[in-house]
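Participant: So that we are looking at the same thing, I have put the structure below in structure tokens.
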Amino acid sequence: MSGGKSPVPLFKDGKRHDGRGPMDLRPIEMKVGVLNNANGSAWVKFGRTEVIAAAYGPREPPKFMSLPDRALLRCRYHMAPFSTDERKNPAPSRREIELSKVIREALETVVLTHLFPRTVIDVFVEVIQADGGTRTAAITAASLALADAGIPMKDLVAGIAVGKVDGHLVLDIDQIEDNYGEADMPVAGAVNLDKVVLLQLNGSLTPEEFNKAMYMAWEGIKKVYALQKKALEEKLRKEVNL
Amino acid sequence: MPFVRNGERVIPGQKLCVIEELTPGKGTYEDENGIVRAAIPGVVRLDLMNYVVEVKGKSADQELPSGKDIVIGYVLGMRDEVAAIKIVKSVHGVLKGMVFTGALHISQASPRGYLNTLYDGYRPGDIVKLKVLSGPPYVLSAKGNRLGVILAHCSNCGAPLYLRKDGNLKCKRCGNTEKRVTSVDYVLRER
């Protein structure tokens with residue numbers, strides 16, 4: 001939400017600037033086990049947003065960090081310098097630090113950390129290409145990477161953002177809709193547990209709009225979850241020793 | 001009736017059965033509503049003899065060394081009474097991205113006999129095969145069959161040491177003789 005006027009009409013004749021309807025997602029692709037050196041990894045693409053996540057652990061933490069009753073979950077969200085249209089300084093920005101925290105807190109609710117006391121589980125998320133919705137793509141990829149690493153979890157986490165453009169609520173907003181829209185609400189949830197694990201809202205929505213946005217987000221999350229399930233099942237099918 | 005069939009592929013969070021039907025085994029958990037769900041991606045195994053449901057698949061807890069596992073590591077550093085061992089391989093294979101440190105106390109350092117100091121049986125850099133007593137943090141022991149040093153290097157010149165028939169280790173490069181708590185599986189032997 002940088003304000004100003006959009007160079008293209010954001011919502012016209014029931015269609016968005018890229019031809020999608022309000023409830024349509026961008027084309028989504030997912031792959032699990034893309035990195036050799038990580039315990040688990042995933043690649044997720046939402047339209048032009050591309051994210052890679054790697055999970056390591058449970059492994060030995062620095063002594064001062066270890067928790068006596070559970071594993072420590074660490075998360076690093078990072079945008080590659082080449083991921084945006086202008087070079088991004090690779091040093092962690094305030095935004096990246098915040099997103100690392102919210103992603104970690106969302107994942108902490110589903111990872112069974114009590115099974116691995118005095119260890120650490122690391123999740124690294126690298127945004128390869130950013131076109132809006134990177135935090136929801138990141139959390140989707142991170143939960144797939146954790147599942148791929150065999151780290152016990154209560155459920156997978158899927159994320160999607162709902163936005164408000166030209167007074168209309170739309171699902172899975174991209175960069176232009178995010179920049180020139182009136183609101184941006186990323187939501188992540190655990191579908192099987194029926195729980196929301198991340199909810200942020202940038203901009204303003206009326207209570208009615210909020211309810212509708214939550215309904216839309218949950219519908220989107222269910223679709224993303226179905227794709228996560230498909231990606232994991234594909235990986236399972238390839239594994240020989242099962 | 002469980003929600004899944006034997007051999008079905010499941011992913012984390014998927015419902016398997018209710019707690020009254022089967023007990024949650026490996027790779028599963030029971031949620032707050034008494035529903036047993038999968039915790040890892042894998043294949044369901046319904047053990048109707050023992051009333052256990054489990055999910056077989058790649059699981060982090062299966063790869064971690066646990067009690068009584070035999071592990072291979074190297075001596076990272078030591079004092080007279082305790083040595084820090086870097087564990088690099090467990091019975092399940094090389095620990096990929098999961099290197100752990102374990103402690104070997106002098107009271108557990110020798111399967112037979114008594115060591116005045118750990119330096120009588122171990123030296124930094126020695127590759128050792130040990131048993132896990134507990135952990136993490138791992139407590140290790142050399143009390144057991146085939147446990148002890150499986151490869152050592154000369155303290156003088158760094159060349160590998162060969163095990164002689166009298167139980168001592170000899171350096172073929174400089175002729176130095178050293179003592180270690182050697183395992184039956186010591187890899188280099190003098191003919």
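Each chain of the structure tokens is named A, B, ... in the order shown, its residues numbered from 1; ligands are numbered from 1 in display order.
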Hey, what's within 6 Å of Lys45 (chain A) if we count only C-alpha atoms and toss same-chain stuff fewer than 3 positions away? As JSON, numbers by chain, please?
Facilitator: {"A": [28, 29, 49, 50]}
Participant: Just list as number ranges by chain whatever in region 32-182 of chain B DSSP marks as alpha helix (DSSP H).
Facilitator: B: 60-63
Participant: What is the distance between CA of Glu81 (chain B) and CA of Ile106 (chain B), in Å to one decimal?
Facilitator: 5.0 Å
Participant: Find the residues of chain B that sit at most 6 Å from chain A; for each, write down the nearest two atoms and how far apart they are in Å, to one decimal. Count only C-alpha atoms. Sort by chain, then by number going up, and give it as JSON lines.
Facilitator:
{"residue": "B:Pro12", "atom": "CA", "partner": "A:Asp155", "partner_atom": "CA", "distance": 4.9}
{"residue": "B:Gly13", "atom": "CA", "partner": "A:Asp155", "partner_atom": "CA", "distance": 3.9}
{"residue": "B:Ala39", "atom": "CA", "partner": "A:Pro152", "partner_atom": "CA", "distance": 4.6}
{"residue": "B:Ile40", "atom": "CA", "partner": "A:Pro152", "partner_atom": "CA", "distance": 5.2}
{"residue": "B:Lys58", "atom": "CA", "partner": "A:Gly150", "partner_atom": "CA", "distance": 5.2}
{"residue": "B:Ser59", "atom": "CA", "partner": "A:Gly150", "partner_atom": "CA", "distance": 4.0}
{"residue": "B:Ala60", "atom": "CA", "partner": "A:Gly150", "partner_atom": "CA", "distance": 4.9}
{"residue": "B:Met98", "atom": "CA", "partner": "A:Arg59", "partner_atom": "CA", "distance": 4.7}
{"residue": "B:Phe100", "atom": "CA", "partner": "A:Glu60", "partner_atom": "CA", "distance": 5.4}
Participant: How would the residues just picked look written out with N, CA, C and O atoms as a PDB file, in the first residue's frame?
Facilitator:
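Result written to out-v8.pdb:
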ATOM      1  N   PRO B  12       0.988 -34.830   7.104  1.00  0.00           N
ATOM      2  CA  PRO B  12       0.731 -34.344   8.470  1.00  0.00           C
ATOM      3  C   PRO B  12      -0.650 -33.718   8.624  1.00  0.00           C
ATOM      4  O   PRO B  12      -1.097 -32.955   7.777  1.00  0.00           O
ATOM      5  N   GLY B  13      -1.305 -34.071   9.726  1.00  0.00           N
ATOM      6  CA  GLY B  13      -2.612 -33.493  10.032  1.00  0.00           C
ATOM      7  C   GLY B  13      -3.771 -34.347   9.600  1.00  0.00           C
ATOM      8  O   GLY B  13      -4.896 -34.150  10.058  1.00  0.00           O
ATOM      9  N   ALA B  39       1.620 -37.295  11.870  1.00  0.00           N
ATOM     10  CA  ALA B  39       2.522 -36.181  12.196  1.00  0.00           C
ATOM     11  C   ALA B  39       3.589 -36.010  11.124  1.00  0.00           C
ATOM     12  O   ALA B  39       4.227 -34.956  11.046  1.00  0.00           O
ATOM     13  N   ILE B  40       3.795 -37.044  10.333  1.00  0.00           N
ATOM     14  CA  ILE B  40       4.805 -36.961   9.263  1.00  0.00           C
ATOM     15  C   ILE B  40       4.179 -37.503   7.967  1.00  0.00           C
ATOM     16  O   ILE B  40       3.208 -38.253   8.029  1.00  0.00           O
ATOM     17  N   LYS B  58       9.969 -40.949   6.318  1.00  0.00           N
ATOM     18  CA  LYS B  58      11.176 -40.289   6.796  1.00  0.00           C
ATOM     19  C   LYS B  58      10.809 -39.450   8.012  1.00  0.00           C
ATOM     20  O   LYS B  58       9.992 -38.545   7.922  1.00  0.00           O
ATOM     21  N   SER B  59      11.415 -39.788   9.149  1.00  0.00           N
ATOM     22  CA  SER B  59      11.077 -39.054  10.356  1.00  0.00           C
ATOM     23  C   SER B  59      12.347 -38.608  11.061  1.00  0.00           C
ATOM     24  O   SER B  59      13.296 -39.374  11.183  1.00  0.00           O
ATOM     25  N   ALA B  60      12.332 -37.366  11.523  1.00  0.00           N
ATOM     26  CA  ALA B  60      13.534 -36.815  12.155  1.00  0.00           C
ATOM     27  C   ALA B  60      13.891 -37.575  13.419  1.00  0.00           C
ATOM     28  O   ALA B  60      15.064 -37.775  13.717  1.00  0.00           O
ATOM     29  N   MET B  98      22.918 -32.910  10.993  1.00  0.00           N
ATOM     30  CA  MET B  98      22.558 -33.078  12.409  1.00  0.00           C
ATOM     31  C   MET B  98      23.781 -33.521  13.182  1.00  0.00           C
ATOM     32  O   MET B  98      23.883 -34.685  13.542  1.00  0.00           O
ATOM     33  N   PHE B 100      25.940 -33.691  16.443  1.00  0.00           N
ATOM     34  CA  PHE B 100      25.715 -33.487  17.870  1.00  0.00           C
ATOM     35  C   PHE B 100      27.006 -33.698  18.643  1.00  0.00           C
ATOM     36  O   PHE B 100      27.876 -34.456  18.212  1.00  0.00           O
TER      37      PHE B 100
END
Participant: What is the distance, in Å and to one decimal place, between CA of Tyr225 (chain A) and CA of Leu169 (chain A)?
Facilitator: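 Taking CA of Tyr225 (chain A) and CA of Leu169 (chain A), their separation equals 21.3 Å.
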Participant: List as a PDB file with all heavy atoms, in the first residue's frame the protein and nucleic acid residues near region 172-183 of chain A, meaning an atom at most 8 Å away when only C-alpha atoms are counted, but skip any in the same chain fewer than 6 places from it.
Facilitator:
ATOM      1  N   MET A   1       0.837  -1.197   0.000  1.00  0.00           N
ATOM      2  CA  MET A   1       0.000   0.000   0.000  1.00  0.00           C
ATOM      3  C   MET A   1       0.870   1.245   0.000  1.00  0.00           C
ATOM      4  O   MET A   1       1.040   1.900   0.998  1.00  0.00           O
ATOM      5  CB  MET A   1      -0.879  -0.002   1.233  1.00  0.00           C
ATOM      6  CG  MET A   1      -1.945  -1.061   1.180  1.00  0.00           C
ATOM      7  SD  MET A   1      -3.362  -0.568   2.095  1.00  0.00           S
ATOM      8  CE  MET A   1      -2.646   0.096   3.556  1.00  0.00           C
ATOM      9  N   SER A   2       1.445   1.538  -1.190  1.00  0.00           N
ATOM     10  CA  SER A   2       2.302   2.720  -1.245  1.00  0.00           C
ATOM     11  C   SER A   2       1.482   3.954  -1.581  1.00  0.00           C
ATOM     12  O   SER A   2       1.980   5.057  -1.560  1.00  0.00           O
ATOM     13  CB  SER A   2       3.395   2.506  -2.288  1.00  0.00           C
ATOM     14  OG  SER A   2       2.798   2.276  -3.538  1.00  0.00           O
ATOM     15  N   GLY A   3       0.198   3.765  -1.905  1.00  0.00           N
ATOM     16  CA  GLY A   3      -0.661   4.888  -2.230  1.00  0.00           C
ATOM     17  C   GLY A   3      -0.474   5.297  -3.686  1.00  0.00           C
ATOM     18  O   GLY A   3       0.165   4.615  -4.473  1.00  0.00           O
ATOM     19  N   GLY A   4      -1.053   6.437  -4.064  1.00  0.00           N
ATOM     20  CA  GLY A   4      -0.938   6.889  -5.445  1.00  0.00           C
ATOM     21  C   GLY A   4      -1.940   6.200  -6.342  1.00  0.00           C
ATOM     22  O   GLY A   4      -2.773   5.410  -5.882  1.00  0.00           O
ATOM     23  N   LYS A   5      -1.842   6.497  -7.620  1.00  0.00           N
ATOM     24  CA  LYS A   5      -2.827   5.937  -8.560  1.00  0.00           C
ATOM     25  C   LYS A   5      -2.162   4.824  -9.357  1.00  0.00           C
ATOM     26  O   LYS A   5      -1.023   4.946  -9.806  1.00  0.00           O
ATOM     27  CB  LYS A   5      -3.326   7.057  -9.481  1.00  0.00           C
ATOM     28  CG  LYS A   5      -4.511   6.628 -10.303  1.00  0.00           C
ATOM     29  CD  LYS A   5      -5.260   7.812 -10.870  1.00  0.00           C
ATOM     30  CE  LYS A   5      -6.196   7.402 -11.992  1.00  0.00           C
ATOM     31  NZ  LYS A   5      -7.062   6.285 -11.669  1.00  0.00           N
ATOM     32  N   SER A   6      -2.913   3.769  -9.510  1.00  0.00           N
ATOM     33  CA  SER A   6      -2.373   2.616 -10.221  1.00  0.00           C
ATOM     34  C   SER A   6      -2.212   2.931 -11.705  1.00  0.00           C
ATOM     35  O   SER A   6      -3.075   3.581 -12.301  1.00  0.00           O
ATOM     36  CB  SER A   6      -3.320   1.437 -10.033  1.00  0.00           C
ATOM     37  OG  SER A   6      -3.006   0.423 -10.935  1.00  0.00           O
ATOM     38  N   LEU A  10      -7.364  -1.449 -11.597  1.00  0.00           N
ATOM     39  CA  LEU A  10      -7.190  -2.641 -10.760  1.00  0.00           C
ATOM     40  C   LEU A  10      -8.412  -3.557 -10.801  1.00  0.00           C
ATOM     41  O   LEU A  10      -8.282  -4.764 -10.647  1.00  0.00           O
ATOM     42  CB  LEU A  10      -6.907  -2.227  -9.313  1.00  0.00           C
ATOM     43  CG  LEU A  10      -5.552  -1.585  -9.068  1.00  0.00           C
ATOM     44  CD1 LEU A  10      -5.405  -1.203  -7.607  1.00  0.00           C
ATOM     45  CD2 LEU A  10      -4.401  -2.505  -9.473  1.00  0.00           C
ATOM     46  N   ASP A  24     -10.152 -15.850  -7.757  1.00  0.00           N
ATOM     47  CA  ASP A  24      -9.170 -16.699  -8.458  1.00  0.00           C
ATOM     48  C   ASP A  24      -7.776 -16.550  -7.859  1.00  0.00           C
ATOM     49  O   ASP A  24      -7.346 -15.440  -7.526  1.00  0.00           O
ATOM     50  CB  ASP A  24      -9.111 -16.334  -9.944  1.00  0.00           C
ATOM     51  CG  ASP A  24     -10.386 -16.708 -10.658  1.00  0.00           C
ATOM     52  OD1 ASP A  24     -11.157 -17.499 -10.076  1.00  0.00           O
ATOM     53  OD2 ASP A  24     -10.619 -16.193 -11.771  1.00  0.00           O
ATOM     54  N   LEU A  25      -7.088 -17.678  -7.782  1.00  0.00           N
ATOM     55  CA  LEU A  25      -5.685 -17.650  -7.352  1.00  0.00           C
ATOM     56  C   LEU A  25      -4.814 -17.538  -8.586  1.00  0.00           C
ATOM     57  O   LEU A  25      -5.237 -17.863  -9.696  1.00  0.00           O
ATOM     58  CB  LEU A  25      -5.332 -18.946  -6.613  1.00  0.00           C
ATOM     59  CG  LEU A  25      -6.158 -19.336  -5.393  1.00  0.00           C
ATOM     60  CD1 LEU A  25      -5.645 -20.648  -4.831  1.00  0.00           C
ATOM     61  CD2 LEU A  25      -6.053 -18.263  -4.337  1.00  0.00           C
ATOM     62  N   ARG A  26      -3.570 -17.115  -8.349  1.00  0.00           N
ATOM     63  CA  ARG A  26      -2.601 -17.151  -9.453  1.00  0.00           C
ATOM     64  C   ARG A  26      -2.234 -18.614  -9.712  1.00  0.00           C
ATOM     65  O   ARG A  26      -2.468 -19.459  -8.843  1.00  0.00           O
ATOM     66  CB  ARG A  26      -1.345 -16.352  -9.060  1.00  0.00           C
ATOM     67  CG  ARG A  26      -1.614 -14.862  -8.945  1.00  0.00           C
ATOM     68  CD  ARG A  26      -0.429 -14.124  -8.439  1.00  0.00           C
ATOM     69  NE  ARG A  26      -0.243 -14.287  -6.988  1.00  0.00           N
ATOM     70  CZ  ARG A  26       0.741 -13.727  -6.297  1.00  0.00           C
ATOM     71  NH1 ARG A  26       1.634 -12.987  -6.903  1.00  0.00           N
ATOM     72  NH2 ARG A  26       0.837 -13.924  -4.991  1.00  0.00           N
ATOM     73  N   ALA A 130       9.982 -11.707  -6.190  1.00  0.00           N
ATOM     74  CA  ALA A 130       8.885 -11.162  -5.389  1.00  0.00           C
ATOM     75  C   ALA A 130       7.867 -10.468  -6.280  1.00  0.00           C
ATOM     76  O   ALA A 130       8.214  -9.583  -7.071  1.00  0.00           O
ATOM     77  CB  ALA A 130       9.439 -10.188  -4.358  1.00  0.00           C
ATOM     78  N   ASP A 131       6.600 -10.911  -6.162  1.00  0.00           N
ATOM     79  CA  ASP A 131       5.519 -10.220  -6.865  1.00  0.00           C
ATOM     80  C   ASP A 131       4.278 -10.245  -5.978  1.00  0.00           C
ATOM     81  O   ASP A 131       3.195 -10.630  -6.397  1.00  0.00           O
ATOM     82  CB  ASP A 131       5.254 -10.910  -8.215  1.00  0.00           C
ATOM     83  CG  ASP A 131       4.226 -10.143  -9.035  1.00  0.00           C
ATOM     84  OD1 ASP A 131       4.220  -8.904  -8.973  1.00  0.00           O
ATOM     85  OD2 ASP A 131       3.412 -10.792  -9.715  1.00  0.00           O
ATOM     86  N   GLY A 132       4.474  -9.860  -4.726  1.00  0.00           N
ATOM     87  CA  GLY A 132       3.349  -9.824  -3.781  1.00  0.00           C
ATOM     88  C   GLY A 132       3.069 -11.183  -3.181  1.00  0.00           C
ATOM     89  O   GLY A 132       3.317 -12.220  -3.808  1.00  0.00           O
ATOM     90  N   GLY A 133       2.620 -11.186  -1.957  1.00  0.00           N
ATOM     91  CA  GLY A 133       2.267 -12.450  -1.287  1.00  0.00           C
ATOM     92  C   GLY A 133       3.469 -13.289  -0.939  1.00  0.00           C
ATOM     93  O   GLY A 133       3.377 -14.514  -0.896  1.00  0.00           O
ATOM     94  N   ILE A 160      -2.419 -17.460   2.364  1.00  0.00           N
ATOM     95  CA  ILE A 160      -2.901 -16.697   1.202  1.00  0.00           C
ATOM     96  C   ILE A 160      -3.232 -15.282   1.687  1.00  0.00           C
ATOM     97  O   ILE A 160      -3.529 -15.087   2.855  1.00  0.00           O
ATOM     98  CB  ILE A 160      -4.140 -17.385   0.553  1.00  0.00           C
ATOM     99  CG1 ILE A 160      -4.293 -17.002  -0.913  1.00  0.00           C
ATOM    100  CG2 ILE A 160      -5.411 -17.086   1.299  1.00  0.00           C
ATOM    101  CD1 ILE A 160      -3.412 -17.768  -1.832  1.00  0.00           C
ATOM    102  N   ALA A 161      -3.183 -14.312   0.777  1.00  0.00           N
ATOM    103  CA  ALA A 161      -3.502 -12.941   1.173  1.00  0.00           C
ATOM    104  C   ALA A 161      -4.779 -12.484   0.484  1.00  0.00           C
ATOM    105  O   ALA A 161      -5.025 -12.811  -0.675  1.00  0.00           O
ATOM    106  CB  ALA A 161      -2.357 -12.019   0.809  1.00  0.00           C
ATOM    107  N   VAL A 162      -5.580 -11.759   1.224  1.00  0.00           N
ATOM    108  CA  VAL A 162      -6.784 -11.147   0.652  1.00  0.00           C
ATOM    109  C   VAL A 162      -6.526  -9.647   0.616  1.00  0.00           C
ATOM    110  O   VAL A 162      -5.943  -9.084   1.546  1.00  0.00           O
ATOM    111  CB  VAL A 162      -8.026 -11.435   1.528  1.00  0.00           C
ATOM    112  CG1 VAL A 162      -9.269 -10.829   0.912  1.00  0.00           C
ATOM    113  CG2 VAL A 162      -8.222 -12.910   1.719  1.00  0.00           C
ATOM    114  N   GLY A 163      -6.945  -9.006  -0.436  1.00  0.00           N
ATOM    115  CA  GLY A 163      -6.734  -7.558  -0.525  1.00  0.00           C
ATOM    116  C   GLY A 163      -8.021  -6.848  -0.883  1.00  0.00           C
ATOM    117  O   GLY A 163      -9.024  -7.479  -1.232  1.00  0.00           O
ATOM    118  N   LYS A 164      -7.965  -5.525  -0.787  1.00  0.00           N
ATOM    119  CA  LYS A 164      -9.122  -4.729  -1.197  1.00  0.00           C
ATOM    120  C   LYS A 164      -8.633  -3.753  -2.258  1.00  0.00           C
ATOM    121  O   LYS A 164      -7.727  -2.942  -1.983  1.00  0.00           O
ATOM    122  CB  LYS A 164      -9.661  -3.964   0.011  1.00  0.00           C
ATOM    123  CG  LYS A 164     -10.969  -3.257  -0.241  1.00  0.00           C
ATOM    124  CD  LYS A 164     -11.448  -2.658   1.064  1.00  0.00           C
ATOM    125  CE  LYS A 164     -12.479  -1.590   0.831  1.00  0.00           C
ATOM    126  NZ  LYS A 164     -12.766  -0.868   2.068  1.00  0.00           N
ATOM    127  N   VAL A 165      -9.166  -3.916  -3.456  1.00  0.00           N
ATOM    128  CA  VAL A 165      -8.765  -3.008  -4.532  1.00  0.00           C
ATOM    129  C   VAL A 165     -10.000  -2.357  -5.128  1.00  0.00           C
ATOM    130  O   VAL A 165     -10.988  -3.043  -5.393  1.00  0.00           O
ATOM    131  CB  VAL A 165      -7.949  -3.732  -5.638  1.00  0.00           C
ATOM    132  CG1 VAL A 165      -6.594  -4.126  -5.143  1.00  0.00           C
ATOM    133  CG2 VAL A 165      -8.679  -4.935  -6.194  1.00  0.00           C
ATOM    134  N   ASP A 166      -9.940  -1.077  -5.297  1.00  0.00           N
ATOM    135  CA  ASP A 166     -11.079  -0.307  -5.827  1.00  0.00           C
ATOM    136  C   ASP A 166     -12.376  -0.671  -5.115  1.00  0.00           C
ATOM    137  O   ASP A 166     -13.434  -0.825  -5.745  1.00  0.00           O
ATOM    138  CB  ASP A 166     -11.232  -0.551  -7.348  1.00  0.00           C
ATOM    139  CG  ASP A 166     -10.152   0.176  -8.141  1.00  0.00           C
ATOM    140  OD1 ASP A 166      -9.447   1.001  -7.529  1.00  0.00           O
ATOM    141  OD2 ASP A 166     -10.009  -0.112  -9.340  1.00  0.00           O
ATOM    142  N   LEU A 201      -3.164  -7.466   9.136  1.00  0.00           N
ATOM    143  CA  LEU A 201      -4.016  -6.607   8.303  1.00  0.00           C
ATOM    144  C   LEU A 201      -3.350  -5.249   8.159  1.00  0.00           C
ATOM    145  O   LEU A 201      -3.066  -4.577   9.137  1.00  0.00           O
ATOM    146  CB  LEU A 201      -5.410  -6.458   8.935  1.00  0.00           C
ATOM    147  CG  LEU A 201      -6.363  -5.481   8.250  1.00  0.00           C
ATOM    148  CD1 LEU A 201      -6.593  -5.846   6.803  1.00  0.00           C
ATOM    149  CD2 LEU A 201      -7.698  -5.440   8.975  1.00  0.00           C
ATOM    150  N   ASN A 202      -3.122  -4.909   6.896  1.00  0.00           N
ATOM    151  CA  ASN A 202      -2.528  -3.618   6.593  1.00  0.00           C
ATOM    152  C   ASN A 202      -3.593  -2.844   5.815  1.00  0.00           C
ATOM    153  O   ASN A 202      -4.035  -3.286   4.769  1.00  0.00           O
ATOM    154  CB  ASN A 202      -1.268  -3.856   5.743  1.00  0.00           C
ATOM    155  CG  ASN A 202      -0.506  -2.586   5.516  1.00  0.00           C
ATOM    156  OD1 ASN A 202      -0.747  -1.582   6.154  1.00  0.00           O
ATOM    157  ND2 ASN A 202       0.418  -2.647   4.590  1.00  0.00           N
ATOM    158  N   GLY A 203      -4.063  -1.732   6.370  1.00  0.00           N
ATOM    159  CA  GLY A 203      -5.167  -1.001   5.757  1.00  0.00           C
ATOM    160  C   GLY A 203      -6.394  -1.129   6.636  1.00  0.00           C
ATOM    161  O   GLY A 203      -6.286  -1.522   7.793  1.00  0.00           O
ATOM    162  N   SER A 204      -7.548  -0.797   6.085  1.00  0.00           N
ATOM    163  CA  SER A 204      -8.739  -0.898   6.931  1.00  0.00           C
ATOM    164  C   SER A 204      -9.862  -1.626   6.214  1.00  0.00           C
ATOM    165  O   SER A 204     -10.048  -1.486   5.003  1.00  0.00           O
ATOM    166  CB  SER A 204      -9.193   0.501   7.365  1.00  0.00           C
ATOM    167  OG  SER A 204      -9.480   1.252   6.218  1.00  0.00           O
ATOM    168  N   LEU A 205     -10.579  -2.439   6.979  1.00  0.00           N
ATOM    169  CA  LEU A 205     -11.740  -3.178   6.480  1.00  0.00           C
ATOM    170  C   LEU A 205     -12.869  -2.988   7.475  1.00  0.00           C
ATOM    171  O   LEU A 205     -12.612  -2.911   8.679  1.00  0.00           O
ATOM    172  CB  LEU A 205     -11.427  -4.674   6.367  1.00  0.00           C
ATOM    173  CG  LEU A 205     -10.362  -5.152   5.379  1.00  0.00           C
ATOM    174  CD1 LEU A 205     -10.145  -6.647   5.531  1.00  0.00           C
ATOM    175  CD2 LEU A 205     -10.757  -4.845   3.955  1.00  0.00           C
ATOM    176  N   GLY A 220      -9.265 -19.919  -0.127  1.00  0.00           N
ATOM    177  CA  GLY A 220      -7.957 -19.940  -0.810  1.00  0.00           C
ATOM    178  C   GLY A 220      -6.993 -20.883  -0.120  1.00  0.00           C
ATOM    179  O   GLY A 220      -6.282 -21.664  -0.770  1.00  0.00           O
TER     180      GLY A 220
END
Participant: Where in region 104-166 of chain A does DSSP assign strand (DSSP E or B), given as a PyMOL selection string?
Facilitator: chain A and resi 111+120-129+153+158-165
Participant: Let me see the file: selected residues, N, CA and C atoms, as a short mmCIF file (atom, residue, chain, number, x, y, z; two decimals), in the first residue's frame.
Facilitator:
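Written output follows (selection-v3.cif):
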data_model
loop_
_atom_site.label_atom_id
_atom_site.label_comp_id
_atom_site.auth_asym_id
_atom_site.auth_seq_id
_atom_site.Cartn_x
_atom_site.Cartn_y
_atom_site.Cartn_z
N VAL A 111 4.42 -27.30 14.86
CA VAL A 111 5.54 -28.24 14.98
C VAL A 111 5.54 -28.84 16.38
N VAL A 120 17.64 -27.75 18.05
CA VAL A 120 17.14 -26.60 17.30
C VAL A 120 16.71 -27.06 15.91
N ILE A 121 15.62 -26.48 15.45
CA ILE A 121 15.14 -26.74 14.09
C ILE A 121 15.24 -25.41 13.34
N ASP A 122 15.94 -25.43 12.23
CA ASP A 122 16.14 -24.20 11.46
C ASP A 122 15.34 -24.23 10.18
N VAL A 123 14.71 -23.11 9.87
CA VAL A 123 14.01 -22.99 8.59
C VAL A 123 14.54 -21.74 7.91
N PHE A 124 15.02 -21.91 6.70
CA PHE A 124 15.51 -20.77 5.92
C PHE A 124 14.60 -20.60 4.71
N VAL A 125 14.10 -19.39 4.56
CA VAL A 125 13.23 -19.12 3.41
C VAL A 125 13.87 -18.03 2.57
N GLU A 126 14.06 -18.31 1.32
CA GLU A 126 14.69 -17.36 0.42
C GLU A 126 13.69 -16.99 -0.67
N VAL A 127 13.41 -15.69 -0.78
CA VAL A 127 12.50 -15.25 -1.84
C VAL A 127 13.34 -15.03 -3.09
N ILE A 128 13.06 -15.80 -4.11
CA ILE A 128 13.84 -15.72 -5.36
C ILE A 128 13.29 -14.62 -6.25
N GLN A 129 11.98 -14.51 -6.26
CA GLN A 129 11.33 -13.50 -7.09
C GLN A 129 10.10 -13.02 -6.33
N MET A 153 4.66 -32.75 12.74
CA MET A 153 3.84 -31.54 12.80
C MET A 153 2.38 -31.93 13.00
N ALA A 158 -0.90 -23.48 5.35
CA ALA A 158 -1.01 -22.87 4.03
C ALA A 158 -1.39 -21.40 4.23
N GLY A 159 -0.89 -20.57 3.35
CA GLY A 159 -1.17 -19.14 3.50
C GLY A 159 -1.65 -18.51 2.21
N ILE A 160 -2.42 -17.46 2.36
CA ILE A 160 -2.90 -16.70 1.20
C ILE A 160 -3.23 -15.28 1.69
N ALA A 161 -3.18 -14.31 0.78
CA ALA A 161 -3.50 -12.94 1.17
C ALA A 161 -4.78 -12.48 0.48
N VAL A 162 -5.58 -11.76 1.22
CA VAL A 162 -6.78 -11.15 0.65
C VAL A 162 -6.53 -9.65 0.62
N GLY A 163 -6.95 -9.01 -0.44
CA GLY A 163 -6.73 -7.56 -0.52
C GLY A 163 -8.02 -6.85 -0.88
N LYS A 164 -7.97 -5.53 -0.79
CA LYS A 164 -9.12 -4.73 -1.20
C LYS A 164 -8.63 -3.75 -2.26
N VAL A 165 -9.17 -3.92 -3.46
CA VAL A 165 -8.77 -3.01 -4.53
C VAL A 165 -10.00 -2.36 -5.13
#
Participant: One decimal, in Å: what's the spacing between CA of Met30 (chain A) and CA of Glu234 (chain A)?
Facilitator: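 Going from CA of Met30 (chain A) over to CA of Glu234 (chain A) covers 10.3 Å.
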Participant: Could you pull the residues within 12 Å of Ser141 (chain B), counting only C-alpha atoms, minus those fewer than 4 positions along the same chain, as an NGL selection string?
Facilitator: :B and (67-72 or 82-85 or 102-111 or 128-134 or 145-149)
Participant: Tell me which of A:Leu67, A:Ala213, A:Val8, A:Met79 sits closest to Pro22 (chain A), counting only C-alpha atoms.
Facilitator: A:Ala213
Participant: Could you check the closest approach to Pro137 (chain B) for each of A:Pro81, A:Gly33, A:Pro62, A:Gly21 and tell me which residue wins, using only C-alpha atoms?
Facilitator: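 Answer, going by the shortest atom-to-atom distance: A:Pro62.
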Participant: Give me the residues within 10 Å of Tyr77 (chain A) as a ChimeraX atom specification, counting only C-alpha atoms and dropping any in the same chain fewer than 6 places off.
Facilitator: /A:51,53,92,95-104,123-127,134-135,138-139,142
